[in-house]
file entry_22.cif (mmCIF, C-alpha atoms)
data_start
loop_
_atom_site.label_atom_id
_atom_site.label_comp_id
_atom_site.auth_asym_id
_atom_site.auth_seq_id
_atom_site.Cartn_x
_atom_site.Cartn_y
_atom_site.Cartn_z
CA MET Y 1 -22.67 -2.25 3.71
CA PRO Y 2 -19.57 -3.69 2.07
CA HIS Y 3 -19.43 -3.77 -1.72
CA ILE Y 4 -18.83 -7.54 -1.62
CA GLN Y 5 -20.26 -10.42 0.44
CA LEU Y 6 -17.68 -10.96 3.17
CA ASN Y 7 -19.46 -13.77 5.02
CA ASN Y 8 -18.42 -12.24 8.35
CA ASP Y 9 -19.36 -9.17 10.38
CA LEU Y 10 -15.88 -8.16 11.51
CA PRO Y 11 -15.21 -4.41 11.40
CA GLY Y 12 -12.96 -2.58 8.97
CA ILE Y 13 -9.93 -4.25 7.46
CA ARG Y 14 -10.42 -7.30 9.67
CA GLY Y 15 -13.53 -8.30 7.72
CA LEU Y 16 -11.65 -7.96 4.42
CA MET Y 17 -8.69 -9.93 5.72
CA ALA Y 18 -10.90 -12.76 6.93
CA PHE Y 19 -12.42 -12.85 3.42
CA ASN Y 20 -8.99 -13.31 1.81
CA PRO Y 21 -6.45 -14.88 4.20
CA GLN Y 22 -3.88 -15.27 1.40
CA THR Y 23 -3.20 -11.54 1.38
CA ALA Y 24 -4.05 -10.98 5.08
CA GLY Y 25 -0.89 -12.73 6.24
CA PRO Y 26 1.61 -10.51 4.40
CA MET Y 27 -0.39 -7.37 5.26
CA GLY Y 28 -0.34 -8.21 8.98
CA ASP Y 29 3.39 -8.96 8.76
CA LEU Y 30 3.97 -5.63 7.03
CA ALA Y 31 2.01 -3.75 9.71
CA ASN Y 32 4.06 -5.41 12.45
CA ALA Y 33 7.37 -4.69 10.70
CA LEU Y 34 6.46 -1.04 10.07
CA LEU Y 35 4.51 -0.02 13.15
CA ARG Y 36 6.07 -2.05 15.96
CA GLU Y 37 9.73 -1.66 15.00
CA THR Y 38 11.63 0.15 17.77
CA GLU Y 39 14.79 1.17 15.86
CA GLY Y 40 14.62 4.93 15.32
CA LEU Y 41 11.00 6.04 15.55
CA SER Y 42 9.00 4.69 18.48
CA PRO Y 43 5.80 2.67 17.93
CA ALA Y 44 3.92 5.71 19.33
CA GLU Y 45 5.42 8.00 16.67
CA ARG Y 46 4.76 5.43 13.94
CA GLU Y 47 1.09 5.20 14.93
CA LEU Y 48 0.82 9.02 14.85
CA ILE Y 49 2.11 9.02 11.26
CA ALA Y 50 -0.39 6.28 10.36
CA THR Y 51 -3.21 8.24 12.02
CA TYR Y 52 -2.28 11.48 10.27
CA VAL Y 53 -2.13 9.91 6.79
CA SER Y 54 -5.40 8.02 7.38
CA TYR Y 55 -7.00 11.30 8.44
CA LEU Y 56 -5.76 13.01 5.27
CA ASN Y 57 -7.22 10.10 3.28
CA ASP Y 58 -10.49 10.57 5.18
CA CYS Y 59 -10.55 6.91 6.26
CA PHE Y 60 -12.75 6.96 9.37
CA TYR Y 61 -12.06 3.37 10.41
CA CYS Y 62 -8.27 3.64 10.05
CA HIS Y 63 -7.72 7.07 11.58
CA HIS Y 64 -9.80 6.12 14.61
CA SER Y 65 -8.26 2.65 14.94
CA HIS Y 66 -4.68 3.90 14.75
CA GLY Y 67 -5.48 7.11 16.63
CA GLU Y 68 -6.63 4.97 19.55
CA ILE Y 69 -3.46 2.90 19.44
CA ALA Y 70 -1.40 6.11 19.50
CA CYS Y 71 -3.61 7.35 22.35
CA TYR Y 72 -2.88 4.15 24.30
CA TYR Y 73 0.86 4.72 23.90
CA PHE Y 74 0.48 8.36 25.00
CA ASN Y 75 -1.28 7.33 28.22
CA GLY Y 76 -4.73 8.23 27.02
CA ASP Y 77 -3.89 11.70 25.72
CA ARG Y 78 -6.58 11.85 23.05
CA ASP Y 79 -6.19 15.63 22.68
CA LEU Y 80 -2.60 15.18 21.55
CA VAL Y 81 -3.60 12.65 18.91
CA ASP Y 82 -6.42 14.85 17.69
CA GLN Y 83 -4.10 17.84 17.42
CA VAL Y 84 -1.68 15.81 15.32
CA ARG Y 85 -4.55 14.98 12.97
CA LYS Y 86 -5.73 18.54 12.54
CA ASP Y 87 -2.79 20.86 13.30
CA TYR Y 88 0.43 18.94 13.97
CA GLN Y 89 2.56 22.06 13.62
CA HIS Y 90 1.28 23.26 16.98
CA ALA Y 91 1.09 19.86 18.70
CA PRO Y 92 3.45 19.10 21.65
CA ILE Y 93 5.61 16.69 19.64
CA SER Y 94 9.27 16.89 18.62
CA ALA Y 95 10.49 19.09 15.78
CA LYS Y 96 11.85 15.92 14.17
CA LEU Y 97 8.45 14.25 14.15
CA LYS Y 98 6.89 17.41 12.70
CA SER Y 99 9.41 17.36 9.85
CA LEU Y 100 8.57 13.69 9.19
CA LEU Y 101 4.83 14.40 9.23
CA GLN Y 102 5.53 16.99 6.55
CA ILE Y 103 7.09 14.24 4.41
CA ALA Y 104 4.21 11.86 5.20
CA GLY Y 105 1.71 14.49 4.05
CA LYS Y 106 3.56 14.84 0.74
CA VAL Y 107 3.62 11.05 0.23
CA GLN Y 108 -0.15 10.99 0.81
CA GLN Y 109 -0.52 13.34 -2.18
CA GLY Y 110 1.91 11.37 -4.34
CA GLY Y 111 5.49 10.08 -4.17
CA LYS Y 112 6.88 12.80 -6.41
CA LYS Y 113 5.57 15.53 -4.11
CA VAL Y 114 8.46 14.81 -1.71
CA THR Y 115 11.22 17.31 -2.42
CA PRO Y 116 14.94 17.35 -1.56
CA GLU Y 117 14.09 20.34 0.65
CA ASP Y 118 11.62 18.24 2.67
CA ILE Y 119 14.35 15.64 3.19
CA GLU Y 120 16.99 18.24 4.05
CA PHE Y 121 14.65 19.85 6.57
CA ALA Y 122 14.03 16.49 8.28
CA ARG Y 123 17.76 15.78 8.43
CA LYS Y 124 18.37 19.16 10.08
CA GLU Y 125 15.81 18.19 12.72
CA GLY Y 126 17.73 14.98 13.39
CA ALA Y 127 16.00 12.42 11.15
CA THR Y 128 18.16 9.50 9.99
CA ASP Y 129 17.93 7.66 6.66
CA LYS Y 130 16.05 4.89 8.46
CA ASP Y 131 13.56 7.41 9.95
CA ILE Y 132 12.93 8.89 6.50
CA HIS Y 133 12.60 5.46 4.91
CA ASP Y 134 10.15 4.26 7.54
CA THR Y 135 8.09 7.47 7.36
CA VAL Y 136 7.73 7.21 3.57
CA LEU Y 137 6.76 3.55 3.76
CA ILE Y 138 4.30 4.03 6.65
CA ALA Y 139 2.63 6.84 4.71
CA ALA Y 140 2.65 4.82 1.48
CA SER Y 141 1.27 1.70 3.19
CA PHE Y 142 -1.63 3.65 4.67
CA CYS Y 143 -2.44 4.88 1.17
CA MET Y 144 -2.97 1.15 0.56
CA PHE Y 145 -4.74 0.19 3.80
CA ASN Y 146 -7.09 3.19 3.60
CA ARG Y 147 -8.02 2.46 -0.03
CA TYR Y 148 -8.54 -1.22 0.74
CA VAL Y 149 -10.98 -0.36 3.55
CA ASP Y 150 -12.92 2.38 1.78
CA GLY Y 151 -12.62 0.95 -1.74
CA LEU Y 152 -14.60 -2.08 -0.57
CA ALA Y 153 -16.78 -0.05 1.82
CA ALA Y 154 -15.77 -2.20 4.80
CA ASN Y 155 -17.98 -2.29 7.91
CA THR Y 156 -17.13 0.82 9.91
CA PRO Y 157 -18.42 1.08 13.48
CA ALA Y 158 -19.65 4.61 14.15
CA ASP Y 159 -19.56 4.07 17.93
CA LEU Y 160 -16.15 5.38 18.99
CA SER Y 161 -16.28 3.47 22.29
CA THR Y 162 -15.66 0.27 20.34
CA TYR Y 163 -12.18 1.33 19.20
CA PRO Y 164 -10.16 1.56 22.45
CA PRO Y 165 -10.47 -2.13 23.50
CA ARG Y 166 -9.16 -3.29 20.13
CA ALA Y 167 -6.43 -0.63 20.19
CA ARG Y 168 -5.20 -1.88 23.55
CA GLN Y 169 -5.12 -5.44 22.26
CA ILE Y 170 -3.04 -4.46 19.24
CA ALA Y 171 -0.70 -2.26 21.29
CA GLU Y 172 -0.08 -5.14 23.68
CA LYS Y 173 -0.09 -8.12 21.31
CA GLY Y 174 0.71 -6.78 17.85
CA TYR Y 175 -0.81 -7.14 14.40
CA GLY Y 176 -0.60 -10.93 14.32
CA ASN Y 177 -2.78 -12.82 11.89
CA HIS Y 178 -4.91 -13.85 14.88
CA ILE Y 179 -6.60 -10.46 14.83
CA PHE Y 180 -7.90 -10.95 11.31
CA THR Y 181 -9.57 -14.32 11.77
CA THR Y 182 -13.13 -15.03 12.78
CA SER Y 183 -12.07 -17.75 15.18
CA GLN Y 184 -11.44 -15.44 18.10
CA PRO Y 185 -13.93 -15.32 20.97
CA VAL Y 186 -16.90 -13.05 20.41
CA SER Y 187 -15.85 -11.04 23.46
CA GLU Y 188 -12.76 -9.94 21.60
CA LYS Y 189 -14.67 -8.62 18.63
CA VAL Y 190 -15.05 -4.89 18.41
CA MET L 1 19.60 10.04 -6.93
CA PRO L 2 17.69 8.46 -4.04
CA HIS L 3 16.71 10.70 -1.12
CA ILE L 4 18.52 8.35 1.29
CA GLN L 5 21.82 6.44 1.19
CA LEU L 6 20.83 2.93 0.11
CA ASN L 7 24.34 1.42 0.03
CA ASN L 8 23.44 -0.48 -3.14
CA ASP L 9 22.82 0.39 -6.78
CA LEU L 10 19.83 -1.87 -7.39
CA PRO L 11 17.06 -0.30 -9.48
CA GLY L 12 13.65 0.82 -8.26
CA ILE L 13 11.95 -0.89 -5.36
CA ARG L 14 14.69 -3.53 -5.22
CA GLY L 15 17.19 -0.98 -3.91
CA LEU L 16 14.74 0.11 -1.20
CA MET L 17 13.96 -3.45 -0.24
CA ALA L 18 17.62 -4.35 0.09
CA PHE L 19 17.99 -1.31 2.39
CA ASN L 20 15.24 -2.58 4.71
CA PRO L 21 14.81 -6.37 4.53
CA GLN L 22 12.39 -6.37 7.50
CA THR L 23 9.65 -4.85 5.34
CA ALA L 24 10.86 -6.35 2.04
CA GLY L 25 9.77 -9.85 3.04
CA PRO L 26 6.09 -9.07 3.63
CA MET L 27 5.97 -6.80 0.56
CA GLY L 28 7.34 -9.56 -1.68
CA ASP L 29 4.87 -12.03 -0.15
CA LEU L 30 2.02 -9.59 -0.78
CA ALA L 31 3.06 -9.13 -4.42
CA ASN L 32 3.14 -12.90 -4.93
CA ALA L 33 -0.25 -13.42 -3.26
CA LEU L 34 -1.87 -10.63 -5.28
CA LEU L 35 -0.23 -10.85 -8.68
CA ARG L 36 0.46 -14.56 -9.14
CA GLU L 37 -2.83 -15.93 -7.78
CA THR L 38 -4.66 -17.87 -10.49
CA GLU L 39 -8.16 -18.04 -8.94
CA GLY L 40 -10.39 -15.69 -10.92
CA LEU L 41 -8.22 -13.11 -12.65
CA SER L 42 -5.16 -14.43 -14.49
CA PRO L 43 -1.66 -13.22 -13.61
CA ALA L 44 -1.68 -11.40 -16.99
CA GLU L 45 -4.84 -9.48 -16.08
CA ARG L 46 -3.47 -8.71 -12.61
CA GLU L 47 -0.29 -7.25 -14.11
CA LEU L 48 -2.37 -5.10 -16.48
CA ILE L 49 -4.24 -3.63 -13.49
CA ALA L 50 -0.92 -2.99 -11.73
CA THR L 51 0.48 -1.34 -14.86
CA TYR L 52 -2.58 0.87 -15.35
CA VAL L 53 -2.60 2.12 -11.74
CA SER L 54 1.16 2.73 -11.81
CA TYR L 55 0.71 4.71 -15.03
CA LEU L 56 -2.05 6.81 -13.41
CA ASN L 57 0.32 7.42 -10.49
CA ASP L 58 3.02 8.42 -12.99
CA CYS L 59 5.50 5.93 -11.54
CA PHE L 60 7.91 5.32 -14.41
CA TYR L 61 9.77 2.44 -12.79
CA CYS L 62 6.61 0.55 -11.78
CA HIS L 63 4.55 1.02 -14.91
CA HIS L 64 7.43 -0.10 -17.09
CA SER L 65 8.39 -3.00 -14.79
CA HIS L 66 4.85 -4.37 -14.56
CA GLY L 67 4.02 -3.42 -18.13
CA GLU L 68 6.89 -5.64 -19.27
CA ILE L 69 5.67 -8.52 -17.13
CA ALA L 70 2.20 -8.14 -18.67
CA CYS L 71 3.85 -7.96 -22.10
CA TYR L 72 5.66 -11.24 -21.39
CA TYR L 73 2.37 -12.93 -20.52
CA PHE L 74 0.77 -11.52 -23.70
CA ASN L 75 3.50 -13.00 -25.90
CA GLY L 76 5.33 -9.72 -26.41
CA ASP L 77 2.29 -7.66 -27.40
CA ARG L 78 3.61 -4.33 -26.15
CA ASP L 79 0.99 -2.38 -28.14
CA LEU L 80 -1.78 -4.05 -26.14
CA VAL L 81 -0.15 -3.12 -22.83
CA ASP L 82 0.39 0.44 -23.98
CA GLN L 83 -3.22 0.76 -25.08
CA VAL L 84 -4.39 -0.41 -21.66
CA ARG L 85 -2.25 2.32 -20.09
CA LYS L 86 -3.59 5.11 -22.27
CA ASP L 87 -7.04 4.08 -23.54
CA TYR L 88 -8.18 0.77 -22.07
CA GLN L 89 -11.76 1.31 -23.23
CA HIS L 90 -10.66 0.60 -26.80
CA ALA L 91 -8.09 -2.10 -26.00
CA PRO L 92 -8.72 -5.70 -27.16
CA ILE L 93 -9.43 -6.99 -23.63
CA SER L 94 -12.60 -8.44 -22.10
CA ALA L 95 -15.54 -6.28 -21.05
CA LYS L 96 -15.10 -7.70 -17.55
CA LEU L 97 -11.50 -6.53 -17.33
CA LYS L 98 -12.54 -3.07 -18.59
CA SER L 99 -15.13 -2.84 -15.82
CA LEU L 100 -12.47 -3.81 -13.26
CA LEU L 101 -10.01 -1.25 -14.64
CA GLN L 102 -12.75 1.34 -14.08
CA ILE L 103 -12.82 0.33 -10.40
CA ALA L 104 -9.02 0.34 -10.22
CA GLY L 105 -8.94 3.88 -11.61
CA LYS L 106 -11.37 5.00 -8.91
CA VAL L 107 -9.28 3.36 -6.16
CA GLN L 108 -6.23 5.21 -7.47
CA GLN L 109 -8.06 8.49 -6.80
CA GLY L 110 -9.28 7.36 -3.37
CA GLY L 111 -11.22 4.48 -1.81
CA LYS L 112 -14.44 6.42 -1.49
CA LYS L 113 -14.51 7.17 -5.21
CA VAL L 114 -15.70 3.61 -5.87
CA THR L 115 -19.49 3.69 -6.21
CA PRO L 116 -22.14 0.96 -5.96
CA GLU L 117 -22.73 1.62 -9.67
CA ASP L 118 -19.10 0.77 -10.48
CA ILE L 119 -19.52 -2.51 -8.58
CA GLU L 120 -22.87 -3.28 -10.19
CA PHE L 121 -21.42 -2.63 -13.64
CA ALA L 122 -18.53 -5.05 -12.97
CA ARG L 123 -20.94 -7.72 -11.73
CA LYS L 124 -23.00 -7.38 -14.91
CA GLU L 125 -19.83 -8.00 -16.90
CA GLY L 126 -19.22 -11.20 -14.95
CA ALA L 127 -16.93 -10.10 -12.12
CA THR L 128 -17.13 -12.15 -8.90
CA ASP L 129 -16.66 -10.88 -5.34
CA LYS L 130 -13.14 -12.30 -5.43
CA ASP L 131 -12.37 -10.46 -8.71
CA ILE L 132 -13.62 -7.18 -7.22
CA HIS L 133 -11.70 -7.75 -3.98
CA ASP L 134 -8.48 -8.53 -5.79
CA THR L 135 -8.85 -5.57 -8.15
CA VAL L 136 -9.34 -3.13 -5.27
CA LEU L 137 -6.37 -4.54 -3.37
CA ILE L 138 -4.07 -4.63 -6.41
CA ALA L 139 -4.94 -0.98 -7.13
CA ALA L 140 -4.53 -0.03 -3.46
CA SER L 141 -1.21 -1.87 -3.13
CA PHE L 142 0.21 -0.05 -6.15
CA CYS L 143 -0.74 3.23 -4.51
CA MET L 144 1.72 2.00 -1.86
CA PHE L 145 4.44 0.55 -4.11
CA ASN L 146 4.41 3.62 -6.40
CA ARG L 147 4.66 6.05 -3.46
CA TYR L 148 7.45 4.00 -1.89
CA VAL L 149 9.49 4.13 -5.11
CA ASP L 150 8.92 7.80 -5.97
CA GLY L 151 8.68 9.07 -2.38
CA LEU L 152 12.28 7.96 -1.85
CA ALA L 153 13.33 8.82 -5.43
CA ALA L 154 14.56 5.27 -6.07
CA ASN L 155 17.06 4.62 -8.86
CA THR L 156 15.05 4.45 -12.08
CA PRO L 157 16.77 3.13 -15.22
CA ALA L 158 15.78 5.27 -18.21
CA ASP L 159 16.96 2.59 -20.67
CA LEU L 160 13.81 0.57 -21.44
CA SER L 161 15.85 -2.37 -22.74
CA THR L 162 16.82 -3.17 -19.15
CA TYR L 163 13.23 -3.98 -18.10
CA PRO L 164 12.34 -7.10 -20.19
CA PRO L 165 15.03 -9.45 -18.75
CA ARG L 166 13.89 -8.72 -15.20
CA ALA L 167 10.23 -9.03 -16.23
CA ARG L 168 10.85 -12.47 -17.66
CA GLN L 169 12.60 -13.55 -14.47
CA ILE L 170 9.67 -12.41 -12.31
CA ALA L 171 7.07 -13.96 -14.63
CA GLU L 172 8.90 -17.28 -14.48
CA LYS L 173 10.09 -17.31 -10.86
CA GLY L 174 7.85 -14.95 -8.91
CA TYR L 175 8.39 -12.09 -6.50
CA GLY L 176 10.48 -14.08 -4.03
CA ASN L 177 12.69 -12.27 -1.59
CA HIS L 178 15.64 -13.38 -3.73
CA ILE L 179 14.93 -10.59 -6.21
CA PHE L 180 15.35 -7.90 -3.57
CA THR L 181 18.72 -8.92 -2.20
CA THR L 182 22.12 -7.80 -3.31
CA SER L 183 23.52 -11.31 -3.13
CA GLN L 184 22.37 -12.33 -6.58
CA PRO L 185 24.93 -12.60 -9.41
CA VAL L 186 25.73 -9.33 -11.13
CA SER L 187 24.47 -10.82 -14.39
CA GLU L 188 20.98 -10.93 -12.92
CA LYS L 189 20.95 -7.24 -12.05
CA VAL L 190 19.03 -4.95 -14.33
#

call {"tool": "encode", "arguments": {"input": "entry_22.cif", "output": "C-alpha cells"}}
result
Amino acid sequence: MPHIQLNNDLPGIRGLMAFNPQTAGPMGDLANALLRETEGLSPAERELIATYVSYLNDCFYCHHSHGEIACYYFNGDRDLVDQVRKDYQHAPISAKLKSLLQIAGKVQQGGKKVTPEDIEFARKEGATDKDIHDTVLIAASFCMFNRYVDGLAANTPADLSTYPPRARQIAEKGYGNHIFTTSQPVSEKV
Amino acid sequence: MPHIQLNNDLPGIRGLMAFNPQTAGPMGDLANALLRETEGLSPAERELIATYVSYLNDCFYCHHSHGEIACYYFNGDRDLVDQVRKDYQHAPISAKLKSLLQIAGKVQQGGKKVTPEDIEFARKEGATDKDIHDTVLIAASFCMFNRYVDGLAANTPADLSTYPPRARQIAEKGYGNHIFTTSQPVSEKV
C-alpha cells in the first residue's frame, strides 16, 4: 500500500505521476529524451542500462517494467535481459555496452565512484562523449525514478504477465504524459 | 576536469546541460516544478531539503549552490543552512521540516529505507500527503542531479564567493532553460 493516498489505483510510477501532474510532465519528457533518443546508443541499449541500474537499486517495478521494454526491442529475448541484470559481463552484448554498464554501476553507487580509468576503458571500446554522457544520466535518472517509486511504496503488481502489454505500448508510443493519466481506457491499464 | 569534452566552461550542472540541451529542458522544468512550488512546503524549505540531500551525497557543487539559494531565502542566515546540513535536529526549523528531513535522509540511502513509522511521524508533525510526496521526489531528484554532476566530474568552482550571485539569480528568476545556455552575457557566468 502506498505511503500516501494517491486517489488512483495505477501501478508504479504512473500512480505517483497521476497524483502530481506538475512534476509528471517534466519526468515523462526526460524519459523520452533519455530513453528514446537514437543518436549513439539505441533505445534497446538505453533500456538495458535502465533495467540494470533499477535491478541494482532493487526496484521491482522499474526493473521489470524497463526489462520488458528491452525484451520487446530484443524480439522477446527475456534470457538476454535477465543475463544483463545478473551477469552482464557474460551476456551476448557488445564490449562497448559492457564498458558503459560498468560506468552505470558506478553511478548507481555514487557519482564520485566513476574513475578516469572507467571512462578510458569505455573510450577504448568505442564509446563517444555522448554515449558516456547519456549512460551517466540514464543511470543517475534511475536513481531518482527508483527512489520515487519505492520511497512512496507505489503499487507494484506482482503478476509479471501484466508488464509486457504496457512495455509494448511504451516501446511503440513513447513515454508521453498520456501514460501517466487516469483518463485512459481501463483496457489500457496494467 | 570533466570526464567528457563539454566545449564550454560553465560550472557544475550548467556545463552538462549546455552539452545536451535535449535533456536540459526537462531537468530545468522539473527543478522549477519541485523547488519553486508554493503549495505546502515553501521554496526555502524545499531548497533546505535539496541542500541536505546533496550534502549527504557529498556533492560540493550542488550543496553549495542550493545552500546559497536557501541562504538567500533565509535573509543571509548561512549558519542556519550549515546547521541543517550537519545537525538538522538542533537547527531552528519546524518540527515538521525535521520529520521531512528524516524521510529525505532515508530516500538518499534508498527508497525502501523509508518506513511507515517515518511517514507516521511526519504526519504527526503536520505533514500532508503532498508534503511527503514532494519531499520524497526532491530527495530522489537530487540523487539524480548529484550523480549527474559528480559522475561526469563537472567543473566545480572552489571559490565559494562565486555561488551567491548565481543563487540570487535563481531565487529571483527560477530554473529556466536560460541559465543552462552559453548564450548569456559573460557577466552572468559564475

call {"tool": "resolve_selection", "arguments": {"input": "entry_22.cif", "expression": "the PyMOL selection byres ((chain Y and resi 9-22) around 7)", "output": "ChimeraX atom specification"}}
result
/Y:6,8,23-25,61,149,154-157,180-182 /L:33

call {"tool": "atom_distance", "arguments": {"input": "entry_22.cif", "atom1": "atom CA of Tyr52 of chain Y", "atom2": "atom CA of Arg85 of chain Y"}}
result
5.0 Å

call {"tool": "closest_residue", "arguments": {"input": "entry_22.cif", "among": "Y:Asp87, Y:Glu172, Y:Glu125, Y:Glu39", "to": "chain L", "atoms": "only C-alpha atoms"}}
result
Y:Glu39

call {"tool": "resolve_selection", "arguments": {"input": "entry_22.cif", "expression": "the PyMOL selection byres ((chain Y) within 6 of (chain L))", "output": "PDB file with C-alpha atoms, in the coordinates of the input"}}
result
ATOM      1  CA  ILE Y   4     -18.830  -7.540  -1.620  1.00  0.00           C
ATOM      2  CA  THR Y  23      -3.200 -11.540   1.380  1.00  0.00           C
ATOM      3  CA  PRO Y  26       1.610 -10.510   4.400  1.00  0.00           C
ATOM      4  CA  ASP Y  29       3.390  -8.960   8.760  1.00  0.00           C
ATOM      5  CA  LEU Y  30       3.970  -5.630   7.030  1.00  0.00           C
ATOM      6  CA  ALA Y  33       7.370  -4.690  10.700  1.00  0.00           C
ATOM      7  CA  GLY Y 111       5.490  10.080  -4.170  1.00  0.00           C
ATOM      8  CA  LYS Y 112       6.880  12.800  -6.410  1.00  0.00           C
ATOM      9  CA  VAL Y 114       8.460  14.810  -1.710  1.00  0.00           C
ATOM     10  CA  ASP Y 129      17.930   7.660   6.660  1.00  0.00           C
ATOM     11  CA  LEU Y 137       6.760   3.550   3.760  1.00  0.00           C
ATOM     12  CA  ALA Y 140       2.650   4.820   1.480  1.00  0.00           C
ATOM     13  CA  SER Y 141       1.270   1.700   3.190  1.00  0.00           C
ATOM     14  CA  CYS Y 143      -2.440   4.880   1.170  1.00  0.00           C
ATOM     15  CA  MET Y 144      -2.970   1.150   0.560  1.00  0.00           C
ATOM     16  CA  ARG Y 147      -8.020   2.460  -0.030  1.00  0.00           C
ATOM     17  CA  TYR Y 148      -8.540  -1.220   0.740  1.00  0.00           C
ATOM     18  CA  ASP Y 150     -12.920   2.380   1.780  1.00  0.00           C
ATOM     19  CA  GLY Y 151     -12.620   0.950  -1.740  1.00  0.00           C
TER      20      GLY Y 151
END

call {"tool": "closest_residue", "arguments": {"input": "entry_22.cif", "among": "L:Ile69, L:Leu56, L:Ala127, L:Ala158", "to": "Ala44 of chain L", "atoms": "all atoms listed in the file"}}
result
L:Ile69

call {"tool": "residues_near_point", "arguments": {"input": "entry_22.cif", "point": "(16.1, -3.0, -18.8)", "cutoff": "10 Å", "atoms": "only C-alpha atoms", "output": "count of residues only"}}
result
17

call {"tool": "residues_around", "arguments": {"input": "entry_22.cif", "residues": "Gln89 of chain Y", "least_positions_apart": "4", "cutoff": "10 Å", "atoms": "all atoms listed in the file", "output": "list in words"}}
result
Gln83, Val84, Ile93, Ser94, Ala95, Leu97, Lys98, Ser99, Leu101 and Gln102 of chain Y

call {"tool": "build_atoms", "arguments": {"input": "entry_22.cif", "residues": "segment 45-62 of chain Y", "atoms": "N, CA and C atoms", "output": "mmCIF file, in the frame of the given file"}}
result
data_model
loop_
_atom_site.group_PDB
_atom_site.id
_atom_site.type_symbol
_atom_site.label_atom_id
_atom_site.label_comp_id
_atom_site.auth_asym_id
_atom_site.auth_seq_id
_atom_site.Cartn_x
_atom_site.Cartn_y
_atom_site.Cartn_z
ATOM 1 N N GLU Y 45 5.234 7.055 17.785
ATOM 2 C CA GLU Y 45 5.420 8.000 16.670
ATOM 3 C C GLU Y 45 4.933 7.394 15.351
ATOM 4 N N ARG Y 46 5.193 6.109 15.173
ATOM 5 C CA ARG Y 46 4.760 5.430 13.940
ATOM 6 C C ARG Y 46 3.230 5.437 13.826
ATOM 7 N N GLU Y 47 2.554 5.207 14.964
ATOM 8 C CA GLU Y 47 1.090 5.200 14.930
ATOM 9 C C GLU Y 47 0.548 6.622 14.688
ATOM 10 N N LEU Y 48 1.261 7.643 15.147
ATOM 11 C CA LEU Y 48 0.820 9.020 14.850
ATOM 12 C C LEU Y 48 0.913 9.300 13.351
ATOM 13 N N ILE Y 49 1.985 8.828 12.719
ATOM 14 C CA ILE Y 49 2.110 9.020 11.260
ATOM 15 C C ILE Y 49 0.984 8.294 10.539
ATOM 16 N N ALA Y 50 0.695 7.070 10.978
ATOM 17 C CA ALA Y 50 -0.390 6.280 10.360
ATOM 18 C C ALA Y 50 -1.739 6.990 10.537
ATOM 19 N N THR Y 51 -1.947 7.541 11.721
ATOM 20 C CA THR Y 51 -3.210 8.240 12.020
ATOM 21 C C THR Y 51 -3.351 9.483 11.149
ATOM 22 N N TYR Y 52 -2.260 10.244 11.045
ATOM 23 C CA TYR Y 52 -2.280 11.480 10.270
ATOM 24 C C TYR Y 52 -2.582 11.206 8.785
ATOM 25 N N VAL Y 53 -1.901 10.227 8.212
ATOM 26 C CA VAL Y 53 -2.130 9.910 6.790
ATOM 27 C C VAL Y 53 -3.551 9.381 6.578
ATOM 28 N N SER Y 54 -4.035 8.551 7.503
ATOM 29 C CA SER Y 54 -5.400 8.020 7.380
ATOM 30 C C SER Y 54 -6.433 9.137 7.494
ATOM 31 N N TYR Y 55 -6.108 10.138 8.308
ATOM 32 C CA TYR Y 55 -7.000 11.300 8.440
ATOM 33 C C TYR Y 55 -7.009 12.101 7.130
ATOM 34 N N LEU Y 56 -5.837 12.296 6.553
ATOM 35 C CA LEU Y 56 -5.760 13.010 5.270
ATOM 36 C C LEU Y 56 -6.525 12.241 4.180
ATOM 37 N N ASN Y 57 -6.482 10.919 4.267
ATOM 38 C CA ASN Y 57 -7.220 10.100 3.280
ATOM 39 C C ASN Y 57 -8.694 9.951 3.656
ATOM 40 N N ASP Y 58 -9.089 10.591 4.745
ATOM 41 C CA ASP Y 58 -10.490 10.570 5.180
ATOM 42 C C ASP Y 58 -11.008 9.148 5.404
ATOM 43 N N CYS Y 59 -10.145 8.294 5.962
ATOM 44 C CA CYS Y 59 -10.550 6.910 6.260
ATOM 45 C C CYS Y 59 -10.935 6.837 7.739
ATOM 46 N N PHE Y 60 -12.232 6.915 7.995
ATOM 47 C CA PHE Y 60 -12.750 6.960 9.370
ATOM 48 C C PHE Y 60 -12.274 5.766 10.189
ATOM 49 N N TYR Y 61 -12.432 4.573 9.649
ATOM 50 C CA TYR Y 61 -12.060 3.370 10.410
ATOM 51 C C TYR Y 61 -10.568 3.402 10.764
ATOM 52 N N CYS Y 62 -9.714 3.697 9.800
ATOM 53 C CA CYS Y 62 -8.270 3.640 10.050
ATOM 54 C C CYS Y 62 -7.789 4.773 10.948
#
